[in-house]
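Q: Structure file coords.tsv (TSV, N, CA and C atoms) right here:
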```
chain	number	residue	atom	x	y	z
P	114	MET	N	-9.41	-33.85	-13.50
P	114	MET	CA	-8.75	-32.57	-13.55
P	114	MET	C	-9.79	-31.51	-13.91
P	115	ALA	N	-9.64	-30.34	-13.27
P	115	ALA	CA	-10.51	-29.20	-13.58
P	115	ALA	C	-9.65	-27.97	-13.83
P	116	PHE	N	-10.02	-27.21	-14.85
P	116	PHE	CA	-9.35	-25.96	-15.17
P	116	PHE	C	-10.39	-24.86	-15.06
P	117	GLN	N	-10.11	-23.88	-14.20
P	117	GLN	CA	-11.07	-22.79	-13.97
P	117	GLN	C	-10.43	-21.45	-14.29
P	118	GLN	N	-10.97	-20.75	-15.27
P	118	GLN	CA	-10.49	-19.40	-15.57
P	118	GLN	C	-11.04	-18.45	-14.52
P	119	LEU	N	-10.21	-17.56	-14.02
P	119	LEU	CA	-10.62	-16.58	-13.01
P	119	LEU	C	-10.99	-15.28	-13.71
P	120	ASP	N	-12.18	-14.79	-13.45
P	120	ASP	CA	-12.63	-13.55	-14.07
P	120	ASP	C	-13.37	-12.73	-13.01
P	121	PRO	N	-12.74	-11.71	-12.45
P	121	PRO	CA	-11.49	-11.10	-12.88
P	121	PRO	C	-10.29	-11.85	-12.30
P	122	PRO	N	-9.09	-11.66	-12.89
P	122	PRO	CA	-7.88	-12.25	-12.33
P	122	PRO	C	-7.63	-11.72	-10.91
P	123	LEU	N	-6.96	-12.54	-10.08
P	123	LEU	CA	-6.67	-12.15	-8.70
P	123	LEU	C	-5.24	-11.67	-8.56
P	124	PRO	N	-5.02	-10.54	-7.87
P	124	PRO	CA	-3.64	-10.09	-7.62
P	124	PRO	C	-3.01	-10.95	-6.54
P	125	VAL	N	-1.91	-11.61	-6.89
P	125	VAL	CA	-1.23	-12.52	-5.96
P	125	VAL	C	0.27	-12.24	-5.98
P	126	HIS	N	0.97	-12.85	-5.04
P	126	HIS	CA	2.43	-12.81	-5.00
P	126	HIS	C	2.91	-14.26	-4.99
P	127	VAL	N	3.71	-14.64	-5.97
P	127	VAL	CA	4.29	-15.98	-6.03
P	127	VAL	C	5.69	-15.89	-5.42
P	128	LEU	N	5.91	-16.63	-4.34
P	128	LEU	CA	7.21	-16.60	-3.68
P	128	LEU	C	8.32	-16.95	-4.67
P	129	ASP	N	9.39	-16.21	-4.64
P	129	ASP	CA	10.56	-16.35	-5.51
P	129	ASP	C	10.33	-15.90	-6.95
P	130	LYS	N	9.13	-15.45	-7.29
P	130	LYS	CA	8.85	-14.97	-8.65
P	130	LYS	C	8.39	-13.52	-8.65
P	131	GLY	N	7.55	-13.13	-7.68
P	131	GLY	CA	7.08	-11.75	-7.58
P	131	GLY	C	5.58	-11.63	-7.69
P	132	ALA	N	5.15	-10.38	-7.78
P	132	ALA	CA	3.73	-10.05	-7.86
P	132	ALA	C	3.21	-10.30	-9.26
P	133	GLY	N	1.94	-10.66	-9.33
P	133	GLY	CA	1.33	-10.88	-10.62
P	133	GLY	C	-0.16	-11.10	-10.48
P	134	TYR	N	-0.77	-11.56	-11.56
P	134	TYR	CA	-2.20	-11.82	-11.56
P	134	TYR	C	-2.46	-13.28	-11.92
P	135	ALA	N	-3.16	-13.98	-11.03
P	135	ALA	CA	-3.58	-15.35	-11.30
P	135	ALA	C	-4.82	-15.27	-12.17
P	136	PHE	N	-4.76	-15.91	-13.34
P	136	PHE	CA	-5.90	-15.85	-14.25
P	136	PHE	C	-6.57	-17.21	-14.45
P	137	ALA	N	-6.01	-18.25	-13.82
P	137	ALA	CA	-6.64	-19.57	-13.88
P	137	ALA	C	-6.14	-20.42	-12.72
P	138	VAL	N	-6.91	-21.45	-12.40
P	138	VAL	CA	-6.54	-22.43	-11.37
P	138	VAL	C	-6.74	-23.82	-11.97
P	139	ILE	N	-5.76	-24.69	-11.75
P	139	ILE	CA	-5.86	-26.08	-12.18
P	139	ILE	C	-5.98	-26.94	-10.93
P	140	ASP	N	-6.96	-27.81	-10.91
P	140	ASP	CA	-7.18	-28.71	-9.78
P	140	ASP	C	-7.07	-30.15	-10.28
P	141	TYR	N	-5.98	-30.82	-9.87
P	141	TYR	CA	-5.75	-32.20	-10.29
P	141	TYR	C	-6.42	-33.21	-9.37
P	142	GLY	N	-7.08	-32.75	-8.32
P	142	GLY	CA	-7.78	-33.67	-7.43
P	142	GLY	C	-7.28	-33.60	-6.01
P	143	GLN	N	-7.85	-34.44	-5.16
P	143	GLN	CA	-7.63	-34.35	-3.72
P	143	GLN	C	-6.21	-34.67	-3.28
P	144	GLU	N	-5.41	-35.35	-4.07
P	144	GLU	CA	-4.05	-35.71	-3.67
P	144	GLU	C	-3.02	-34.69	-4.14
P	145	HIS	N	-3.45	-33.56	-4.69
P	145	HIS	CA	-2.53	-32.59	-5.27
P	145	HIS	C	-2.86	-31.18	-4.79
P	146	ASN	N	-1.85	-30.31	-4.83
P	146	ASN	CA	-2.09	-28.89	-4.56
P	146	ASN	C	-2.82	-28.26	-5.74
P	147	LEU	N	-3.57	-27.20	-5.46
P	147	LEU	CA	-4.09	-26.38	-6.56
P	147	LEU	C	-2.90	-25.76	-7.27
P	148	ILE	N	-3.00	-25.54	-8.56
P	148	ILE	CA	-1.96	-24.89	-9.35
P	148	ILE	C	-2.53	-23.56	-9.84
P	149	TRP	N	-1.84	-22.47	-9.50
P	149	TRP	CA	-2.27	-21.12	-9.88
P	149	TRP	C	-1.50	-20.70	-11.13
P	150	VAL	N	-2.22	-20.45	-12.22
P	150	VAL	CA	-1.60	-19.99	-13.47
P	150	VAL	C	-1.52	-18.47	-13.36
P	151	THR	N	-0.29	-17.96	-13.28
P	151	THR	CA	-0.06	-16.57	-12.91
P	151	THR	C	0.86	-15.87	-13.89
P	152	ALA	N	0.47	-14.66	-14.31
P	152	ALA	CA	1.33	-13.80	-15.12
P	152	ALA	C	2.07	-12.87	-14.16
P	153	ILE	N	3.41	-12.92	-14.19
P	153	ILE	CA	4.24	-12.11	-13.29
P	153	ILE	C	4.37	-10.70	-13.86
P	154	ASN	N	4.08	-9.70	-13.05
P	154	ASN	CA	4.09	-8.30	-13.51
P	154	ASN	C	5.44	-7.86	-14.08
P	155	GLU	N	6.52	-8.12	-13.34
P	155	GLU	CA	7.83	-7.58	-13.70
P	155	GLU	C	8.40	-8.18	-14.97
P	156	THR	N	8.21	-9.48	-15.18
P	156	THR	CA	8.85	-10.16	-16.30
P	156	THR	C	7.91	-10.55	-17.43
P	157	GLY	N	6.61	-10.58	-17.14
P	157	GLY	CA	5.65	-11.03	-18.13
P	157	GLY	C	5.60	-12.54	-18.28
P	158	GLU	N	6.39	-13.24	-17.48
P	158	GLU	CA	6.41	-14.70	-17.54
P	158	GLU	C	5.10	-15.28	-16.99
P	159	ILE	N	4.74	-16.44	-17.52
P	159	ILE	CA	3.59	-17.18	-17.01
P	159	ILE	C	4.13	-18.36	-16.22
P	160	TRP	N	3.72	-18.46	-14.96
P	160	TRP	CA	4.16	-19.56	-14.10
P	160	TRP	C	2.96	-20.32	-13.57
P	161	CYS	N	3.09	-21.62	-13.47
P	161	CYS	CA	2.10	-22.47	-12.81
P	161	CYS	C	2.65	-22.77	-11.43
P	162	ALA	N	2.15	-22.06	-10.44
P	162	ALA	CA	2.70	-22.14	-9.08
P	162	ALA	C	1.81	-22.99	-8.19
P	163	PRO	N	2.41	-23.92	-7.42
P	163	PRO	CA	1.62	-24.73	-6.49
P	163	PRO	C	1.09	-23.87	-5.34
P	164	ASN	N	-0.03	-24.25	-4.83
P	164	ASN	CA	-0.73	-23.48	-3.79
P	164	ASN	C	0.15	-23.01	-2.64
P	165	PRO	N	1.09	-23.81	-2.08
P	165	PRO	CA	1.90	-23.33	-0.95
P	165	PRO	C	2.83	-22.16	-1.31
P	166	ARG	N	3.04	-21.87	-2.58
P	166	ARG	CA	3.94	-20.80	-3.01
P	166	ARG	C	3.20	-19.52	-3.36
P	167	VAL	N	1.88	-19.49	-3.24
P	167	VAL	CA	1.07	-18.35	-3.68
P	167	VAL	C	0.46	-17.66	-2.46
P	168	ARG	N	0.58	-16.33	-2.44
P	168	ARG	CA	0.00	-15.52	-1.36
P	168	ARG	C	-0.88	-14.42	-1.97
P	169	MET	N	-2.00	-14.14	-1.33
P	169	MET	CA	-2.82	-13.00	-1.74
P	169	MET	C	-2.06	-11.72	-1.40
P	170	GLN	N	-2.20	-10.71	-2.24
P	170	GLN	CA	-1.57	-9.43	-1.94
P	170	GLN	C	-2.36	-8.74	-0.83
P	171	ALA	N	-1.69	-7.83	-0.14
P	171	ALA	CA	-2.33	-7.09	0.95
P	171	ALA	C	-3.51	-6.29	0.40
P	172	ASN	N	-4.53	-6.12	1.24
P	172	ASN	CA	-5.69	-5.32	0.86
P	172	ASN	C	-6.18	-4.59	2.10
P	173	TRP	N	-5.83	-3.33	2.21
P	173	TRP	CA	-6.17	-2.52	3.37
P	173	TRP	C	-7.68	-2.46	3.57
P	174	THR	N	-8.44	-2.30	2.50
P	174	THR	CA	-9.89	-2.19	2.59
P	174	THR	C	-10.51	-3.45	3.18
P	175	MET	N	-9.96	-4.60	2.84
P	175	MET	CA	-10.49	-5.87	3.34
P	175	MET	C	-9.88	-6.26	4.68
P	176	GLY	N	-8.92	-5.48	5.18
P	176	GLY	CA	-8.28	-5.78	6.45
P	176	GLY	C	-7.25	-6.89	6.36
P	177	ARG	N	-6.73	-7.16	5.15
P	177	ARG	CA	-5.75	-8.22	4.97
P	177	ARG	C	-4.35	-7.61	4.93
P	178	ALA	N	-3.53	-7.94	5.93
P	178	ALA	CA	-2.17	-7.44	6.01
P	178	ALA	C	-1.28	-8.15	4.99
P	179	LYS	N	-0.12	-7.55	4.74
P	179	LYS	CA	0.85	-8.17	3.84
P	179	LYS	C	1.34	-9.46	4.48
P	180	PRO	N	1.35	-10.59	3.73
P	180	PRO	CA	1.84	-11.86	4.30
P	180	PRO	C	3.28	-11.73	4.78
P	181	ALA	N	3.63	-12.45	5.82
P	181	ALA	CA	4.97	-12.38	6.41
P	181	ALA	C	6.06	-12.68	5.38
P	182	ALA	N	5.82	-13.63	4.48
P	182	ALA	CA	6.82	-13.99	3.48
P	182	ALA	C	7.07	-12.86	2.49
P	183	VAL	N	6.10	-11.97	2.37
P	183	VAL	CA	6.20	-10.86	1.42
P	183	VAL	C	6.55	-9.56	2.15
P	184	ALA	N	6.30	-9.50	3.45
P	184	ALA	CA	6.47	-8.27	4.24
P	184	ALA	C	7.89	-7.74	4.24
P	185	ALA	N	8.88	-8.59	4.04
P	185	ALA	CA	10.28	-8.16	4.07
P	185	ALA	C	10.69	-7.45	2.79
P	186	SER	N	9.76	-7.30	1.86
P	186	SER	CA	10.10	-6.70	0.57
P	186	SER	C	10.44	-5.23	0.69
P	187	ALA	N	11.30	-4.78	-0.21
P	187	ALA	CA	11.69	-3.36	-0.24
P	187	ALA	C	10.57	-2.51	-0.81
P	188	GLY	N	9.81	-3.06	-1.76
P	188	GLY	CA	8.71	-2.33	-2.39
P	188	GLY	C	7.41	-3.05	-2.12
P	189	GLU	N	6.34	-2.50	-2.62
P	189	GLU	CA	5.02	-3.06	-2.40
P	189	GLU	C	4.83	-4.36	-3.17
P	190	CYS	N	5.46	-4.49	-4.34
P	190	CYS	CA	5.15	-5.61	-5.21
P	190	CYS	C	6.26	-6.64	-5.38
P	191	SER	N	7.47	-6.36	-4.94
P	191	SER	CA	8.53	-7.34	-5.14
P	191	SER	C	9.48	-7.33	-3.96
P	192	ALA	N	10.16	-8.44	-3.78
P	192	ALA	CA	11.08	-8.58	-2.65
P	192	ALA	C	12.45	-8.99	-3.15
P	193	PRO	N	13.51	-8.59	-2.44
P	193	PRO	CA	14.83	-9.08	-2.83
P	193	PRO	C	14.91	-10.58	-2.63
P	194	ALA	N	15.71	-11.24	-3.45
P	194	ALA	CA	15.79	-12.70	-3.40
P	194	ALA	C	16.18	-13.21	-2.02
P	195	ALA	N	17.05	-12.48	-1.31
P	195	ALA	CA	17.51	-12.93	0.00
P	195	ALA	C	16.38	-12.90	1.03
P	196	ALA	N	15.36	-12.08	0.83
P	196	ALA	CA	14.28	-11.97	1.80
P	196	ALA	C	13.35	-13.18	1.77
P	197	LEU	N	13.32	-13.91	0.68
P	197	LEU	CA	12.43	-15.05	0.55
P	197	LEU	C	13.23	-16.33	0.59
P	198	GLN	N	12.80	-17.27	1.39
P	198	GLN	CA	13.48	-18.54	1.50
P	198	GLN	C	12.64	-19.60	0.80
P	199	ALA	N	13.27	-20.38	-0.04
P	199	ALA	CA	12.56	-21.44	-0.74
P	199	ALA	C	12.18	-22.54	0.26
P	200	GLU	N	10.98	-23.03	0.10
P	200	GLU	CA	10.49	-24.12	0.91
P	200	GLU	C	10.45	-25.37	0.05
P	201	PRO	N	10.99	-26.49	0.54
P	201	PRO	CA	10.91	-27.70	-0.27
P	201	PRO	C	9.46	-28.14	-0.43
P	202	ILE	N	9.13	-28.59	-1.62
P	202	ILE	CA	7.78	-29.05	-1.91
P	202	ILE	C	7.86	-30.51	-2.31
P	203	GLU	N	7.11	-31.34	-1.60
P	203	GLU	CA	7.08	-32.75	-1.94
P	203	GLU	C	6.05	-32.97	-3.04
P	204	LYS	N	6.49	-33.59	-4.11
P	204	LYS	CA	5.57	-33.92	-5.20
P	204	LYS	C	5.12	-35.36	-5.02
P	205	PRO	N	3.83	-35.59	-5.23
P	205	PRO	CA	3.35	-36.98	-5.13
P	205	PRO	C	3.89	-37.79	-6.31
P	206	ASN	N	4.08	-39.06	-6.07
P	206	ASN	CA	4.56	-39.94	-7.14
P	206	ASN	C	3.45	-40.32	-8.08
```
I need this file expressed as structure tokens, please.
A:
Amino acid sequence: MAFQQLDPPLPVHVLDKGAGYAFAVIDYGQEHNLIWVTAINETGEIWCAPNPRVRMQANWTMGRAKPAAVAASAGECSAPAAALQAEPIEKPN
């Protein structure tokens, strides 16, 4: 297992949770998703989100468009719950 603090934190969007800043990544190895330790802007909650649930925020300067899963949002940083569909995640045994 490896734990890597991100400095500076990365602005990300966690599906079903909202926009926030990832300040660490946990890597349990080749059979597991990366885990993004993220502070959610709106609630202040800390979530450990698996890699398939994390999206980089749009960055016009870098030419990165808003991800499709986030594009349906009413505002720049959050989306209504109906706009995001939960995807089943298989956990390894």
Q: What's the separation between atom C of P:Asp129 and atom N of P:Gly176, in Å to one decimal place?
A: 25.0 Å
Q: Separation of atom CA of P:Leu147 and atom CA of P:Pro121, in Å?
A: 18.1 Å
Q: Which residues, written as an MDAnalysis selection string, have at least one atom at most 6.5 Å from P:Asn164, with all atoms listed in the file counted and residues fewer than 2 positions away on the same chain left out?
A: chainID P and resid 146:149 162 166:167
Q: One decimal, Å: what's the distance from atom CA of P:Ala182 over to atom CA of P:Tyr141, could you say?
A: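 These two atoms are separated by 26.1 Å.
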Q: Pick out the closest residue to P:Val127 from this set: P:Thr151, P:Pro180, P:Gly142, P:Arg168. Count all atoms listed in the file.
A: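 The answer is P:Arg168, which sits nearest to P:Val127.
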Q: Identify, on the basis of only C-alpha atoms, every residue whose closest approach to P:Ala115 does not exceed 8 Å; exclude the query and any residue fewer than 2 positions from it along the same chain; express the result as a ChimeraX atom specification.
A: /P:117,139-141
Q: Which one is closest to P:Glu155: P:Val138, P:Ala132, P:Met114, P:Met175? Count only C-alpha atoms.
A: P:Ala132
Q: With only C-alpha atoms as the atoms that count, which of P:Ala152, P:Gly157, P:Arg177, P:Phe136 lies nearest to P:Gln118?
A: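 Using only C-alpha atoms, P:Gln118 sits closest to P:Phe136.
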Q: Residues around (4.1, -9.7, -0.4), cut-off 6 Å, counting only C-alpha atoms - what are they as a PyMOL selection string?
A: chain P and resi 126+170+179-180+183-184
Q: Pick out each residue of stretch 125-170 of chain P that DSSP on the backbone tags as strand (DSSP E or B); I need them as a compact mmCIF listing (two decimals) with N, CA and C atoms, in the coordinates of the input.
A:
```
# COMPACT_ATOMS: atom_id res chain seq x y z
N VAL P 125 -1.91 -11.61 -6.89
CA VAL P 125 -1.23 -12.52 -5.96
C VAL P 125 0.27 -12.24 -5.98
N HIS P 126 0.97 -12.85 -5.04
CA HIS P 126 2.43 -12.81 -5.00
C HIS P 126 2.91 -14.26 -4.99
N VAL P 127 3.71 -14.64 -5.97
CA VAL P 127 4.29 -15.98 -6.03
C VAL P 127 5.69 -15.89 -5.42
N GLY P 131 7.55 -13.13 -7.68
CA GLY P 131 7.08 -11.75 -7.58
C GLY P 131 5.58 -11.63 -7.69
N ALA P 132 5.15 -10.38 -7.78
CA ALA P 132 3.73 -10.05 -7.86
C ALA P 132 3.21 -10.30 -9.26
N GLY P 133 1.94 -10.66 -9.33
CA GLY P 133 1.33 -10.88 -10.62
C GLY P 133 -0.16 -11.10 -10.48
N TYR P 134 -0.77 -11.56 -11.56
CA TYR P 134 -2.20 -11.82 -11.56
C TYR P 134 -2.46 -13.28 -11.92
N ALA P 135 -3.16 -13.98 -11.03
CA ALA P 135 -3.58 -15.35 -11.30
C ALA P 135 -4.82 -15.27 -12.17
N PHE P 136 -4.76 -15.91 -13.34
CA PHE P 136 -5.90 -15.85 -14.25
C PHE P 136 -6.57 -17.21 -14.45
N ALA P 137 -6.01 -18.25 -13.82
CA ALA P 137 -6.64 -19.57 -13.88
C ALA P 137 -6.14 -20.42 -12.72
N VAL P 138 -6.91 -21.45 -12.40
CA VAL P 138 -6.54 -22.43 -11.37
C VAL P 138 -6.74 -23.82 -11.97
N ILE P 139 -5.76 -24.69 -11.75
CA ILE P 139 -5.86 -26.08 -12.18
C ILE P 139 -5.98 -26.94 -10.93
N ASP P 140 -6.96 -27.81 -10.91
CA ASP P 140 -7.18 -28.71 -9.78
C ASP P 140 -7.07 -30.15 -10.28
N ILE P 148 -3.00 -25.54 -8.56
CA ILE P 148 -1.96 -24.89 -9.35
C ILE P 148 -2.53 -23.56 -9.84
N TRP P 149 -1.84 -22.47 -9.50
CA TRP P 149 -2.27 -21.12 -9.88
C TRP P 149 -1.50 -20.70 -11.13
N VAL P 150 -2.22 -20.45 -12.22
CA VAL P 150 -1.60 -19.99 -13.47
C VAL P 150 -1.52 -18.47 -13.36
N THR P 151 -0.29 -17.96 -13.28
CA THR P 151 -0.06 -16.57 -12.91
C THR P 151 0.86 -15.87 -13.89
N ALA P 152 0.47 -14.66 -14.31
CA ALA P 152 1.33 -13.80 -15.12
C ALA P 152 2.07 -12.87 -14.16
N ILE P 153 3.41 -12.92 -14.19
CA ILE P 153 4.24 -12.11 -13.29
C ILE P 153 4.37 -10.70 -13.86
N ILE P 159 4.74 -16.44 -17.52
CA ILE P 159 3.59 -17.18 -17.01
C ILE P 159 4.13 -18.36 -16.22
N TRP P 160 3.72 -18.46 -14.96
CA TRP P 160 4.16 -19.56 -14.10
C TRP P 160 2.96 -20.32 -13.57
N CYS P 161 3.09 -21.62 -13.47
CA CYS P 161 2.10 -22.47 -12.81
C CYS P 161 2.65 -22.77 -11.43
N ALA P 162 2.15 -22.06 -10.44
CA ALA P 162 2.70 -22.14 -9.08
C ALA P 162 1.81 -22.99 -8.19
N PRO P 163 2.41 -23.92 -7.42
CA PRO P 163 1.62 -24.73 -6.49
C PRO P 163 1.09 -23.87 -5.34
N VAL P 167 1.88 -19.49 -3.24
CA VAL P 167 1.07 -18.35 -3.68
C VAL P 167 0.46 -17.66 -2.46
N ARG P 168 0.58 -16.33 -2.44
CA ARG P 168 0.00 -15.52 -1.36
C ARG P 168 -0.88 -14.42 -1.97
N MET P 169 -2.00 -14.14 -1.33
CA MET P 169 -2.82 -13.00 -1.74
C MET P 169 -2.06 -11.72 -1.40
```
